[in-house]
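Structure data (mmCIF, N, CA and C atoms) from target21.cif:
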```cif
data_protein
#
loop_
_atom_site.label_atom_id
_atom_site.label_comp_id
_atom_site.auth_asym_id
_atom_site.auth_seq_id
_atom_site.Cartn_x
_atom_site.Cartn_y
_atom_site.Cartn_z
N MET A 1 171.92 -90.66 34.54
CA MET A 1 173.21 -90.77 33.90
C MET A 1 173.51 -89.52 33.06
N GLY A 2 172.49 -89.02 32.35
CA GLY A 2 172.68 -87.83 31.52
C GLY A 2 172.99 -86.60 32.34
N THR A 3 172.33 -86.47 33.50
CA THR A 3 172.58 -85.32 34.37
C THR A 3 173.99 -85.35 34.92
N ARG A 4 174.47 -86.51 35.28
CA ARG A 4 175.84 -86.62 35.80
C ARG A 4 176.86 -86.26 34.72
N TRP A 5 176.61 -86.71 33.49
CA TRP A 5 177.52 -86.40 32.40
C TRP A 5 177.51 -84.90 32.11
N PHE A 6 176.31 -84.30 32.04
CA PHE A 6 176.22 -82.88 31.78
C PHE A 6 176.87 -82.07 32.90
N THR A 7 176.63 -82.49 34.15
CA THR A 7 177.20 -81.79 35.30
C THR A 7 178.72 -81.86 35.28
N ALA A 8 179.27 -83.03 35.00
CA ALA A 8 180.74 -83.18 34.98
C ALA A 8 181.36 -82.37 33.86
N ARG A 9 180.65 -82.26 32.76
CA ARG A 9 181.21 -81.58 31.58
C ARG A 9 181.02 -80.07 31.63
N HIS A 10 179.84 -79.61 32.05
CA HIS A 10 179.53 -78.18 31.96
C HIS A 10 179.30 -77.50 33.31
N GLY A 11 179.02 -78.24 34.35
CA GLY A 11 178.60 -77.65 35.62
C GLY A 11 179.70 -77.04 36.44
N GLU A 12 179.37 -75.92 37.04
CA GLU A 12 180.25 -75.27 38.01
C GLU A 12 179.56 -75.35 39.36
N LYS A 13 180.19 -76.00 40.33
CA LYS A 13 179.58 -76.14 41.64
C LYS A 13 179.51 -74.78 42.31
N VAL A 14 178.31 -74.45 42.81
CA VAL A 14 178.09 -73.16 43.45
C VAL A 14 178.08 -73.32 44.96
N GLY A 15 177.52 -74.41 45.45
CA GLY A 15 177.46 -74.62 46.89
C GLY A 15 176.54 -75.76 47.24
N SER A 16 176.32 -75.94 48.53
CA SER A 16 175.40 -76.97 49.01
C SER A 16 174.63 -76.43 50.20
N ASP A 17 173.53 -77.09 50.53
CA ASP A 17 172.68 -76.63 51.63
C ASP A 17 172.75 -77.59 52.81
N GLU A 18 171.94 -77.32 53.83
CA GLU A 18 171.96 -78.12 55.05
C GLU A 18 171.41 -79.53 54.85
N PHE A 19 170.70 -79.79 53.75
CA PHE A 19 170.18 -81.13 53.47
C PHE A 19 171.17 -81.96 52.67
N GLY A 20 172.28 -81.37 52.25
CA GLY A 20 173.28 -82.08 51.46
C GLY A 20 173.08 -81.96 49.96
N ASN A 21 172.08 -81.19 49.53
CA ASN A 21 171.85 -80.95 48.10
C ASN A 21 172.97 -80.08 47.55
N THR A 22 173.40 -80.34 46.33
CA THR A 22 174.48 -79.60 45.70
C THR A 22 173.93 -78.82 44.51
N TYR A 23 174.31 -77.55 44.39
CA TYR A 23 173.79 -76.65 43.37
C TYR A 23 174.87 -76.33 42.35
N TYR A 24 174.45 -76.28 41.09
CA TYR A 24 175.37 -76.05 39.97
C TYR A 24 174.81 -74.98 39.04
N ARG A 25 175.70 -74.44 38.24
CA ARG A 25 175.30 -73.51 37.18
C ARG A 25 176.21 -73.71 35.98
N ALA A 26 175.69 -73.29 34.83
CA ALA A 26 176.45 -73.35 33.58
C ALA A 26 175.97 -72.22 32.70
N PRO A 27 176.87 -71.61 31.93
CA PRO A 27 176.44 -70.55 31.02
C PRO A 27 175.40 -71.08 30.04
N SER A 28 174.40 -70.27 29.77
CA SER A 28 173.35 -70.67 28.84
C SER A 28 173.80 -70.48 27.41
N LYS A 29 173.35 -71.35 26.54
CA LYS A 29 173.65 -71.21 25.12
C LYS A 29 172.46 -70.58 24.39
N LEU A 30 171.47 -70.16 25.18
CA LEU A 30 170.28 -69.51 24.64
C LEU A 30 170.52 -68.01 24.53
N PRO A 31 169.58 -67.26 23.96
CA PRO A 31 169.74 -65.80 23.88
C PRO A 31 169.92 -65.17 25.26
N ALA A 32 170.20 -63.91 25.27
CA ALA A 32 170.55 -63.19 26.51
C ALA A 32 169.42 -63.13 27.53
N SER A 33 168.22 -63.61 27.19
CA SER A 33 167.12 -63.55 28.15
C SER A 33 167.37 -64.46 29.35
N ILE A 34 168.12 -65.54 29.17
CA ILE A 34 168.46 -66.44 30.26
C ILE A 34 169.98 -66.46 30.37
N ALA A 35 170.50 -65.91 31.45
CA ALA A 35 171.95 -65.76 31.59
C ALA A 35 172.66 -67.08 31.83
N GLU A 36 172.07 -67.96 32.63
CA GLU A 36 172.73 -69.22 32.94
C GLU A 36 171.69 -70.27 33.31
N ARG A 37 172.11 -71.51 33.21
CA ARG A 37 171.26 -72.63 33.61
C ARG A 37 171.65 -73.01 35.02
N ARG A 38 170.64 -73.26 35.87
CA ARG A 38 170.89 -73.62 37.27
C ARG A 38 170.14 -74.90 37.58
N TRP A 39 170.79 -75.78 38.36
CA TRP A 39 170.13 -77.02 38.74
C TRP A 39 170.69 -77.53 40.05
N VAL A 40 169.99 -78.52 40.60
CA VAL A 40 170.35 -79.09 41.89
C VAL A 40 170.46 -80.60 41.74
N ILE A 41 171.43 -81.18 42.43
CA ILE A 41 171.55 -82.63 42.56
C ILE A 41 171.17 -82.93 44.01
N TYR A 42 170.06 -83.65 44.20
CA TYR A 42 169.56 -83.93 45.54
C TYR A 42 170.42 -84.99 46.21
N ALA A 43 170.59 -84.85 47.52
CA ALA A 43 171.38 -85.81 48.29
C ALA A 43 170.63 -87.12 48.48
N ASN A 44 169.32 -87.03 48.65
CA ASN A 44 168.50 -88.23 48.85
C ASN A 44 167.40 -88.25 47.80
N TYR A 45 166.20 -88.51 48.25
CA TYR A 45 165.04 -88.55 47.37
C TYR A 45 164.83 -87.17 46.75
N ALA A 46 164.59 -87.12 45.46
CA ALA A 46 164.41 -85.85 44.75
C ALA A 46 163.03 -85.29 45.05
N GLU A 47 162.97 -84.35 45.98
CA GLU A 47 161.73 -83.69 46.34
C GLU A 47 161.97 -82.19 46.28
N ALA A 48 161.24 -81.50 45.42
CA ALA A 48 161.47 -80.08 45.18
C ALA A 48 161.27 -79.24 46.43
N SER A 49 160.45 -79.68 47.37
CA SER A 49 160.24 -78.90 48.58
C SER A 49 161.44 -78.97 49.53
N MET A 50 162.45 -79.76 49.19
CA MET A 50 163.65 -79.86 50.03
C MET A 50 164.65 -78.74 49.75
N ILE A 51 164.30 -77.79 48.89
CA ILE A 51 165.19 -76.67 48.61
C ILE A 51 164.89 -75.55 49.60
N PRO A 52 165.86 -75.10 50.40
CA PRO A 52 165.63 -74.02 51.35
C PRO A 52 165.27 -72.71 50.63
N PRO A 53 164.64 -71.76 51.34
CA PRO A 53 164.18 -70.51 50.71
C PRO A 53 165.26 -69.73 49.99
N GLY A 54 166.45 -69.61 50.56
CA GLY A 54 167.51 -68.85 49.91
C GLY A 54 167.93 -69.46 48.58
N TRP A 55 168.08 -70.77 48.58
CA TRP A 55 168.46 -71.46 47.34
C TRP A 55 167.31 -71.46 46.35
N HIS A 56 166.07 -71.50 46.83
CA HIS A 56 164.92 -71.46 45.93
C HIS A 56 164.93 -70.16 45.14
N GLY A 57 165.20 -69.05 45.80
CA GLY A 57 165.27 -67.76 45.11
C GLY A 57 166.38 -67.74 44.06
N TRP A 58 167.51 -68.32 44.38
CA TRP A 58 168.61 -68.36 43.41
C TRP A 58 168.27 -69.28 42.24
N MET A 59 167.67 -70.44 42.52
CA MET A 59 167.32 -71.39 41.46
C MET A 59 166.34 -70.79 40.45
N HIS A 60 165.44 -69.94 40.93
CA HIS A 60 164.42 -69.34 40.07
C HIS A 60 164.80 -67.96 39.56
N HIS A 61 166.09 -67.64 39.60
CA HIS A 61 166.65 -66.40 39.05
C HIS A 61 166.04 -65.15 39.68
N ARG A 62 165.66 -65.23 40.96
CA ARG A 62 165.17 -64.05 41.66
C ARG A 62 166.33 -63.24 42.23
N THR A 63 167.46 -63.88 42.34
CA THR A 63 168.68 -63.20 42.78
C THR A 63 169.86 -63.80 42.01
N ASP A 64 170.85 -62.99 41.78
CA ASP A 64 172.03 -63.46 41.05
C ASP A 64 173.10 -64.01 41.98
N THR A 65 173.00 -63.70 43.26
CA THR A 65 174.01 -64.12 44.22
C THR A 65 173.52 -65.34 44.99
N PRO A 66 174.20 -66.47 44.90
CA PRO A 66 173.76 -67.65 45.65
C PRO A 66 174.00 -67.48 47.15
N PRO A 67 173.22 -68.16 47.99
CA PRO A 67 173.40 -68.05 49.44
C PRO A 67 174.79 -68.45 49.93
N SER A 68 175.54 -69.23 49.14
CA SER A 68 176.88 -69.62 49.58
C SER A 68 177.87 -68.46 49.50
N GLU A 69 177.53 -67.43 48.74
CA GLU A 69 178.43 -66.27 48.60
C GLU A 69 178.05 -65.10 49.49
N VAL A 70 176.90 -65.15 50.09
CA VAL A 70 176.46 -64.08 51.01
C VAL A 70 175.99 -64.73 52.31
N GLU A 71 175.86 -63.93 53.33
CA GLU A 71 175.36 -64.42 54.61
C GLU A 71 173.83 -64.38 54.55
N TYR A 72 173.22 -65.51 54.22
CA TYR A 72 171.77 -65.58 54.10
C TYR A 72 171.15 -65.99 55.42
N ALA A 73 170.15 -65.26 55.86
CA ALA A 73 169.40 -65.61 57.06
C ALA A 73 167.93 -65.66 56.70
N ALA A 74 167.30 -66.77 57.04
CA ALA A 74 165.87 -66.92 56.75
C ALA A 74 165.07 -65.92 57.58
N ARG A 75 163.99 -65.45 57.01
CA ARG A 75 163.12 -64.51 57.72
C ARG A 75 162.30 -65.27 58.75
N GLU A 76 161.75 -64.54 59.72
CA GLU A 76 161.03 -65.19 60.82
C GLU A 76 159.77 -65.91 60.33
N TRP A 77 159.21 -65.51 59.21
CA TRP A 77 157.99 -66.14 58.71
C TRP A 77 158.29 -67.35 57.84
N GLN A 78 159.53 -67.60 57.52
CA GLN A 78 159.89 -68.76 56.71
C GLN A 78 160.04 -69.98 57.61
N LYS A 79 159.29 -71.00 57.30
CA LYS A 79 159.24 -72.21 58.13
C LYS A 79 160.29 -73.23 57.67
N PRO A 80 160.76 -74.08 58.58
CA PRO A 80 161.68 -75.14 58.18
C PRO A 80 160.94 -76.19 57.36
N HIS A 81 161.68 -76.99 56.64
CA HIS A 81 161.09 -78.00 55.76
C HIS A 81 160.40 -79.11 56.55
N HIS A 82 159.22 -79.47 56.07
CA HIS A 82 158.51 -80.65 56.57
C HIS A 82 158.25 -81.53 55.35
N PRO A 83 158.58 -82.80 55.41
CA PRO A 83 158.41 -83.65 54.23
C PRO A 83 156.94 -83.83 53.85
N ASN A 84 156.71 -84.12 52.59
CA ASN A 84 155.38 -84.40 52.09
C ASN A 84 154.99 -85.80 52.56
N LEU A 85 153.94 -85.90 53.36
CA LEU A 85 153.54 -87.18 53.94
C LEU A 85 152.43 -87.87 53.15
N THR A 86 152.06 -87.34 52.00
CA THR A 86 151.02 -87.95 51.19
C THR A 86 151.42 -89.38 50.84
N GLY A 87 150.50 -90.29 51.01
CA GLY A 87 150.76 -91.69 50.69
C GLY A 87 151.39 -92.48 51.82
N SER A 88 151.68 -91.83 52.92
CA SER A 88 152.27 -92.54 54.06
C SER A 88 151.21 -92.71 55.15
N SER A 89 151.57 -93.44 56.18
CA SER A 89 150.64 -93.65 57.28
C SER A 89 150.41 -92.37 58.10
N LYS A 90 151.27 -91.38 57.93
CA LYS A 90 151.14 -90.12 58.67
C LYS A 90 150.44 -89.02 57.85
N ALA A 91 149.87 -89.39 56.71
CA ALA A 91 149.21 -88.41 55.86
C ALA A 91 147.97 -87.86 56.54
N TYR A 92 147.59 -86.65 56.17
CA TYR A 92 146.39 -86.02 56.73
C TYR A 92 145.17 -86.73 56.19
N ARG A 93 144.31 -87.14 57.09
CA ARG A 93 143.05 -87.79 56.70
C ARG A 93 141.93 -87.10 57.47
N PRO A 94 141.13 -86.28 56.80
CA PRO A 94 140.06 -85.56 57.50
C PRO A 94 138.97 -86.49 57.99
N ALA A 95 138.13 -85.98 58.87
CA ALA A 95 137.02 -86.76 59.39
C ALA A 95 136.13 -87.20 58.23
N GLY A 96 135.77 -88.47 58.23
CA GLY A 96 134.94 -89.01 57.17
C GLY A 96 135.73 -89.60 56.02
N SER A 97 137.04 -89.49 56.05
CA SER A 97 137.86 -90.06 54.99
C SER A 97 137.78 -91.58 55.03
N LEU A 98 137.89 -92.22 53.88
CA LEU A 98 137.84 -93.67 53.83
C LEU A 98 138.97 -94.30 54.63
N LEU A 99 140.11 -93.63 54.72
CA LEU A 99 141.25 -94.17 55.44
C LEU A 99 141.43 -93.51 56.81
N GLY A 100 140.49 -92.67 57.21
CA GLY A 100 140.59 -91.96 58.48
C GLY A 100 140.42 -92.89 59.68
N ALA A 101 140.71 -92.36 60.85
CA ALA A 101 140.63 -93.16 62.08
C ALA A 101 139.18 -93.48 62.42
N THR A 102 138.28 -92.55 62.19
CA THR A 102 136.87 -92.79 62.47
C THR A 102 136.11 -92.83 61.15
N PRO A 103 135.37 -93.91 60.92
CA PRO A 103 134.63 -94.01 59.66
C PRO A 103 133.49 -92.99 59.60
N LYS A 104 133.08 -92.70 58.41
CA LYS A 104 132.00 -91.73 58.19
C LYS A 104 130.70 -92.31 58.73
N GLN A 105 129.94 -91.49 59.44
CA GLN A 105 128.67 -91.90 59.99
C GLN A 105 127.63 -91.93 58.87
N ALA A 106 126.79 -92.94 58.90
CA ALA A 106 125.73 -93.03 57.90
C ALA A 106 124.76 -91.86 58.10
N SER A 107 124.38 -91.23 57.02
CA SER A 107 123.47 -90.10 57.12
C SER A 107 122.03 -90.57 57.07
N LYS A 108 121.16 -89.80 57.72
CA LYS A 108 119.74 -90.11 57.71
C LYS A 108 119.13 -89.44 56.49
N PRO A 109 118.18 -90.09 55.87
CA PRO A 109 117.54 -89.44 54.72
C PRO A 109 116.76 -88.22 55.18
N ASP A 110 116.75 -87.21 54.36
CA ASP A 110 116.04 -85.98 54.73
C ASP A 110 114.63 -85.95 54.13
N TYR A 111 114.11 -87.11 53.74
CA TYR A 111 112.75 -87.20 53.25
C TYR A 111 112.20 -88.57 53.59
N ASP A 112 110.90 -88.69 53.55
CA ASP A 112 110.23 -89.97 53.76
C ASP A 112 109.68 -90.42 52.42
N ALA A 113 110.00 -91.64 52.06
CA ALA A 113 109.53 -92.17 50.78
C ALA A 113 108.02 -92.31 50.79
N TRP A 114 107.39 -92.03 49.69
CA TRP A 114 105.94 -92.12 49.58
C TRP A 114 105.53 -93.59 49.46
N GLN A 115 104.54 -93.97 50.21
CA GLN A 115 104.00 -95.34 50.20
C GLN A 115 102.55 -95.27 49.74
N PRO A 116 102.19 -95.99 48.69
CA PRO A 116 100.77 -95.97 48.27
C PRO A 116 99.88 -96.66 49.31
N GLU A 117 98.63 -96.23 49.39
CA GLU A 117 97.71 -96.82 50.38
C GLU A 117 97.09 -98.09 49.91
#
```

This structure in structure tokens:
Amino acid sequence: MGTRWFTARHGEKVGSDEFGNTYYRAPSKLPASIAERRWVIYANYAEASMIPPGWHGWMHHRTDTPPSEVEYAAREWQKPHHPNLTGSSKAYRPAGSLLGATPKQASKPDYDAWQPE
């Protein structure tokens, strides 16, 4: 509720991305070290990895020009977004994991216990 109120009162819409996230900015009331405040309103679940590379650079003040004002093209090494699957049935489970497909094999002891005669 507070973010919506602040956005309606102070926010200037800058643009949106292919996921439907909307980006805003507002002049900072802090010293000149931070020129403006920037934030995103997520279209769905708020997951920080859902910000595309161009918008990520703008959000972190690496560039002053948002991707909506320039023709931004992702570089060939930049990968498309894949959701975080932790906690889901599709999460990565290495061999030997308690929740993995194959249970961990019992290990053999590497010593023989001493038995008195």

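With all atoms listed in the file taken into account, the protein and nucleic acid residues at most 7 Å from stretch 63-74 of chain A (excluding it and anything under 3 positions from it in its own chain) are Val14, Gly15, Ser16, Gly54, Trp55, Gly57, Trp58, Met59, His60, Trp77 and Gln78 of chain A.
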
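For the atom pair formed by atom CA of A:Glu12 and atom N of A:Glu36, the distance is 12.2 Å, given to one decimal.
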
Residues of chain A in helix (DSSP H, G or I) according to DSSP, as a PDB file with N, CA and C atoms, in the frame of the given file?
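Okay, states_22.pdb is ready:
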```
ATOM      1  N   GLY A   2     172.490 -89.020  32.350  1.00  0.00           N
ATOM      2  CA  GLY A   2     172.680 -87.830  31.520  1.00  0.00           C
ATOM      3  C   GLY A   2     172.990 -86.600  32.340  1.00  0.00           C
ATOM      4  N   THR A   3     172.330 -86.470  33.500  1.00  0.00           N
ATOM      5  CA  THR A   3     172.580 -85.320  34.370  1.00  0.00           C
ATOM      6  C   THR A   3     173.990 -85.350  34.920  1.00  0.00           C
ATOM      7  N   ARG A   4     174.470 -86.510  35.280  1.00  0.00           N
ATOM      8  CA  ARG A   4     175.840 -86.620  35.800  1.00  0.00           C
ATOM      9  C   ARG A   4     176.860 -86.260  34.720  1.00  0.00           C
ATOM     10  N   TRP A   5     176.610 -86.710  33.490  1.00  0.00           N
ATOM     11  CA  TRP A   5     177.520 -86.400  32.400  1.00  0.00           C
ATOM     12  C   TRP A   5     177.510 -84.900  32.110  1.00  0.00           C
ATOM     13  N   PHE A   6     176.310 -84.300  32.040  1.00  0.00           N
ATOM     14  CA  PHE A   6     176.220 -82.880  31.780  1.00  0.00           C
ATOM     15  C   PHE A   6     176.870 -82.070  32.900  1.00  0.00           C
ATOM     16  N   THR A   7     176.630 -82.490  34.150  1.00  0.00           N
ATOM     17  CA  THR A   7     177.200 -81.790  35.300  1.00  0.00           C
ATOM     18  C   THR A   7     178.720 -81.860  35.280  1.00  0.00           C
ATOM     19  N   ALA A   8     179.270 -83.030  35.000  1.00  0.00           N
ATOM     20  CA  ALA A   8     180.740 -83.180  34.980  1.00  0.00           C
ATOM     21  C   ALA A   8     181.360 -82.370  33.860  1.00  0.00           C
ATOM     22  N   ARG A   9     180.650 -82.260  32.760  1.00  0.00           N
ATOM     23  CA  ARG A   9     181.210 -81.580  31.580  1.00  0.00           C
ATOM     24  C   ARG A   9     181.020 -80.070  31.630  1.00  0.00           C
ATOM     25  N   HIS A  10     179.840 -79.610  32.050  1.00  0.00           N
ATOM     26  CA  HIS A  10     179.530 -78.180  31.960  1.00  0.00           C
ATOM     27  C   HIS A  10     179.300 -77.500  33.310  1.00  0.00           C
ATOM     28  N   ALA A  48     161.240 -81.500  45.420  1.00  0.00           N
ATOM     29  CA  ALA A  48     161.470 -80.080  45.180  1.00  0.00           C
ATOM     30  C   ALA A  48     161.270 -79.240  46.430  1.00  0.00           C
ATOM     31  N   SER A  49     160.450 -79.680  47.370  1.00  0.00           N
ATOM     32  CA  SER A  49     160.240 -78.900  48.580  1.00  0.00           C
ATOM     33  C   SER A  49     161.440 -78.970  49.530  1.00  0.00           C
ATOM     34  N   MET A  50     162.450 -79.760  49.190  1.00  0.00           N
ATOM     35  CA  MET A  50     163.650 -79.860  50.030  1.00  0.00           C
ATOM     36  C   MET A  50     164.650 -78.740  49.750  1.00  0.00           C
ATOM     37  N   PRO A  53     164.640 -71.760  51.340  1.00  0.00           N
ATOM     38  CA  PRO A  53     164.180 -70.510  50.710  1.00  0.00           C
ATOM     39  C   PRO A  53     165.260 -69.730  49.990  1.00  0.00           C
ATOM     40  N   GLY A  54     166.450 -69.610  50.560  1.00  0.00           N
ATOM     41  CA  GLY A  54     167.510 -68.850  49.910  1.00  0.00           C
ATOM     42  C   GLY A  54     167.930 -69.460  48.580  1.00  0.00           C
ATOM     43  N   TRP A  55     168.080 -70.770  48.580  1.00  0.00           N
ATOM     44  CA  TRP A  55     168.460 -71.460  47.340  1.00  0.00           C
ATOM     45  C   TRP A  55     167.310 -71.460  46.350  1.00  0.00           C
ATOM     46  N   HIS A  56     166.070 -71.500  46.830  1.00  0.00           N
ATOM     47  CA  HIS A  56     164.920 -71.460  45.930  1.00  0.00           C
ATOM     48  C   HIS A  56     164.930 -70.160  45.140  1.00  0.00           C
ATOM     49  N   GLY A  57     165.200 -69.050  45.800  1.00  0.00           N
ATOM     50  CA  GLY A  57     165.270 -67.760  45.110  1.00  0.00           C
ATOM     51  C   GLY A  57     166.380 -67.740  44.060  1.00  0.00           C
ATOM     52  N   TRP A  58     167.510 -68.320  44.380  1.00  0.00           N
ATOM     53  CA  TRP A  58     168.610 -68.360  43.410  1.00  0.00           C
ATOM     54  C   TRP A  58     168.270 -69.280  42.240  1.00  0.00           C
ATOM     55  N   MET A  59     167.670 -70.440  42.520  1.00  0.00           N
ATOM     56  CA  MET A  59     167.320 -71.390  41.460  1.00  0.00           C
ATOM     57  C   MET A  59     166.340 -70.790  40.450  1.00  0.00           C
TER      58      MET A  59
END
```

Legend entry - Within 8 Å of stretch 23-28 of chain A using all atoms listed in the file, minus same-chain residues under 5 positions, as a list in words: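 Using all atoms listed in the file, the neighbours found are Thr7, His10, Gly11, Glu12, Lys13, Val14, Gly15, Ser16, Asp17, Ile34, Ala35, Glu36, Arg37, Arg38, Trp39, Val40, Ile41 and Tyr42 of chain A.
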
Would you save the residues from that selection as a short mmCIF file (atom, residue, chain, number, x, y, z; two decimals), in the coordinates of the input, using N, CA and C atoms?
```cif
data_model
loop_
_atom_site.label_atom_id
_atom_site.label_comp_id
_atom_site.auth_asym_id
_atom_site.auth_seq_id
_atom_site.Cartn_x
_atom_site.Cartn_y
_atom_site.Cartn_z
N THR A 7 176.63 -82.49 34.15
CA THR A 7 177.20 -81.79 35.30
C THR A 7 178.72 -81.86 35.28
N HIS A 10 179.84 -79.61 32.05
CA HIS A 10 179.53 -78.18 31.96
C HIS A 10 179.30 -77.50 33.31
N GLY A 11 179.02 -78.24 34.35
CA GLY A 11 178.60 -77.65 35.62
C GLY A 11 179.70 -77.04 36.44
N GLU A 12 179.37 -75.92 37.04
CA GLU A 12 180.25 -75.27 38.01
C GLU A 12 179.56 -75.35 39.36
N LYS A 13 180.19 -76.00 40.33
CA LYS A 13 179.58 -76.14 41.64
C LYS A 13 179.51 -74.78 42.31
N VAL A 14 178.31 -74.45 42.81
CA VAL A 14 178.09 -73.16 43.45
C VAL A 14 178.08 -73.32 44.96
N GLY A 15 177.52 -74.41 45.45
CA GLY A 15 177.46 -74.62 46.89
C GLY A 15 176.54 -75.76 47.24
N SER A 16 176.32 -75.94 48.53
CA SER A 16 175.40 -76.97 49.01
C SER A 16 174.63 -76.43 50.20
N ASP A 17 173.53 -77.09 50.53
CA ASP A 17 172.68 -76.63 51.63
C ASP A 17 172.75 -77.59 52.81
N ILE A 34 168.12 -65.54 29.17
CA ILE A 34 168.46 -66.44 30.26
C ILE A 34 169.98 -66.46 30.37
N ALA A 35 170.50 -65.91 31.45
CA ALA A 35 171.95 -65.76 31.59
C ALA A 35 172.66 -67.08 31.83
N GLU A 36 172.07 -67.96 32.63
CA GLU A 36 172.73 -69.22 32.94
C GLU A 36 171.69 -70.27 33.31
N ARG A 37 172.11 -71.51 33.21
CA ARG A 37 171.26 -72.63 33.61
C ARG A 37 171.65 -73.01 35.02
N ARG A 38 170.64 -73.26 35.87
CA ARG A 38 170.89 -73.62 37.27
C ARG A 38 170.14 -74.90 37.58
N TRP A 39 170.79 -75.78 38.36
CA TRP A 39 170.13 -77.02 38.74
C TRP A 39 170.69 -77.53 40.05
N VAL A 40 169.99 -78.52 40.60
CA VAL A 40 170.35 -79.09 41.89
C VAL A 40 170.46 -80.60 41.74
N ILE A 41 171.43 -81.18 42.43
CA ILE A 41 171.55 -82.63 42.56
C ILE A 41 171.17 -82.93 44.01
N TYR A 42 170.06 -83.65 44.20
CA TYR A 42 169.56 -83.93 45.54
C TYR A 42 170.42 -84.99 46.21
#
```

Inset, instruction - Show which residues sit within 10 Å of A:Glu18, as a ChimeraX atom specification. Count only C-alpha atoms, and ignore same-chain residues fewer than 5 positions away. - result: /A:50-52

Residue selection dump (N, CA and C atoms) as an mmCIF file, in the coordinates of the input:
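Wrote it out as again.cif, contents follow:
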```
data_model
loop_
_atom_site.group_PDB
_atom_site.id
_atom_site.type_symbol
_atom_site.label_atom_id
_atom_site.label_comp_id
_atom_site.auth_asym_id
_atom_site.auth_seq_id
_atom_site.Cartn_x
_atom_site.Cartn_y
_atom_site.Cartn_z
ATOM 1 N N MET A 50 162.450 -79.760 49.190
ATOM 2 C CA MET A 50 163.650 -79.860 50.030
ATOM 3 C C MET A 50 164.650 -78.740 49.750
ATOM 4 N N ILE A 51 164.300 -77.790 48.890
ATOM 5 C CA ILE A 51 165.190 -76.670 48.610
ATOM 6 C C ILE A 51 164.890 -75.550 49.600
ATOM 7 N N PRO A 52 165.860 -75.100 50.400
ATOM 8 C CA PRO A 52 165.630 -74.020 51.350
ATOM 9 C C PRO A 52 165.270 -72.710 50.630
#
```

Inset, instruction - Can you work out the spacing between atom CA of A:Thr86 and atom CA of A:Arg4 in Å, to one decimal? - result: 29.2 Å

Inset, instruction - Quick one: pull the distance between atom CA of A:Glu47 and atom N of A:Gly20, Å, one decimal. - result: 12.3 Å

Inset, instruction - Find, counting only C-alpha atoms, the residue in A:Ser107, A:Ser97, A:Ser49, A:Thr22 that gets nearest to A:Leu85. - result: A:Ser49

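Using only C-alpha atoms, the shortest contact distance between A:Asn21 and any of A:His61, A:Arg9, A:His56, A:Lys79 is found at A:His56.
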
Inset, instruction - Counting all atoms listed in the file, figure out which residue out of A:Ala113, A:Leu30, A:Leu99, A:Phe19 gets nearest to A:Ala43. - result: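 Among the listed residues, A:Phe19 lies closest to A:Ala43.
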
Legend entry - Every residue of chain A that DSSP places in strand (DSSP E), as a VMD selection string: chain A and resid 12 to 16 22 to 27 36 to 41

Adding 5 Å on each side of the box along x, y and z that holds all listed atoms of stretch 34-51 of chain A, could you give its centre and edge lengths in Å to one decimal, as JSON?
```
{"center_x": 166.5, "center_y": -77.0, "center_z": 39.6, "size_x": 22.5, "size_y": 33.0, "size_z": 30.9}
```
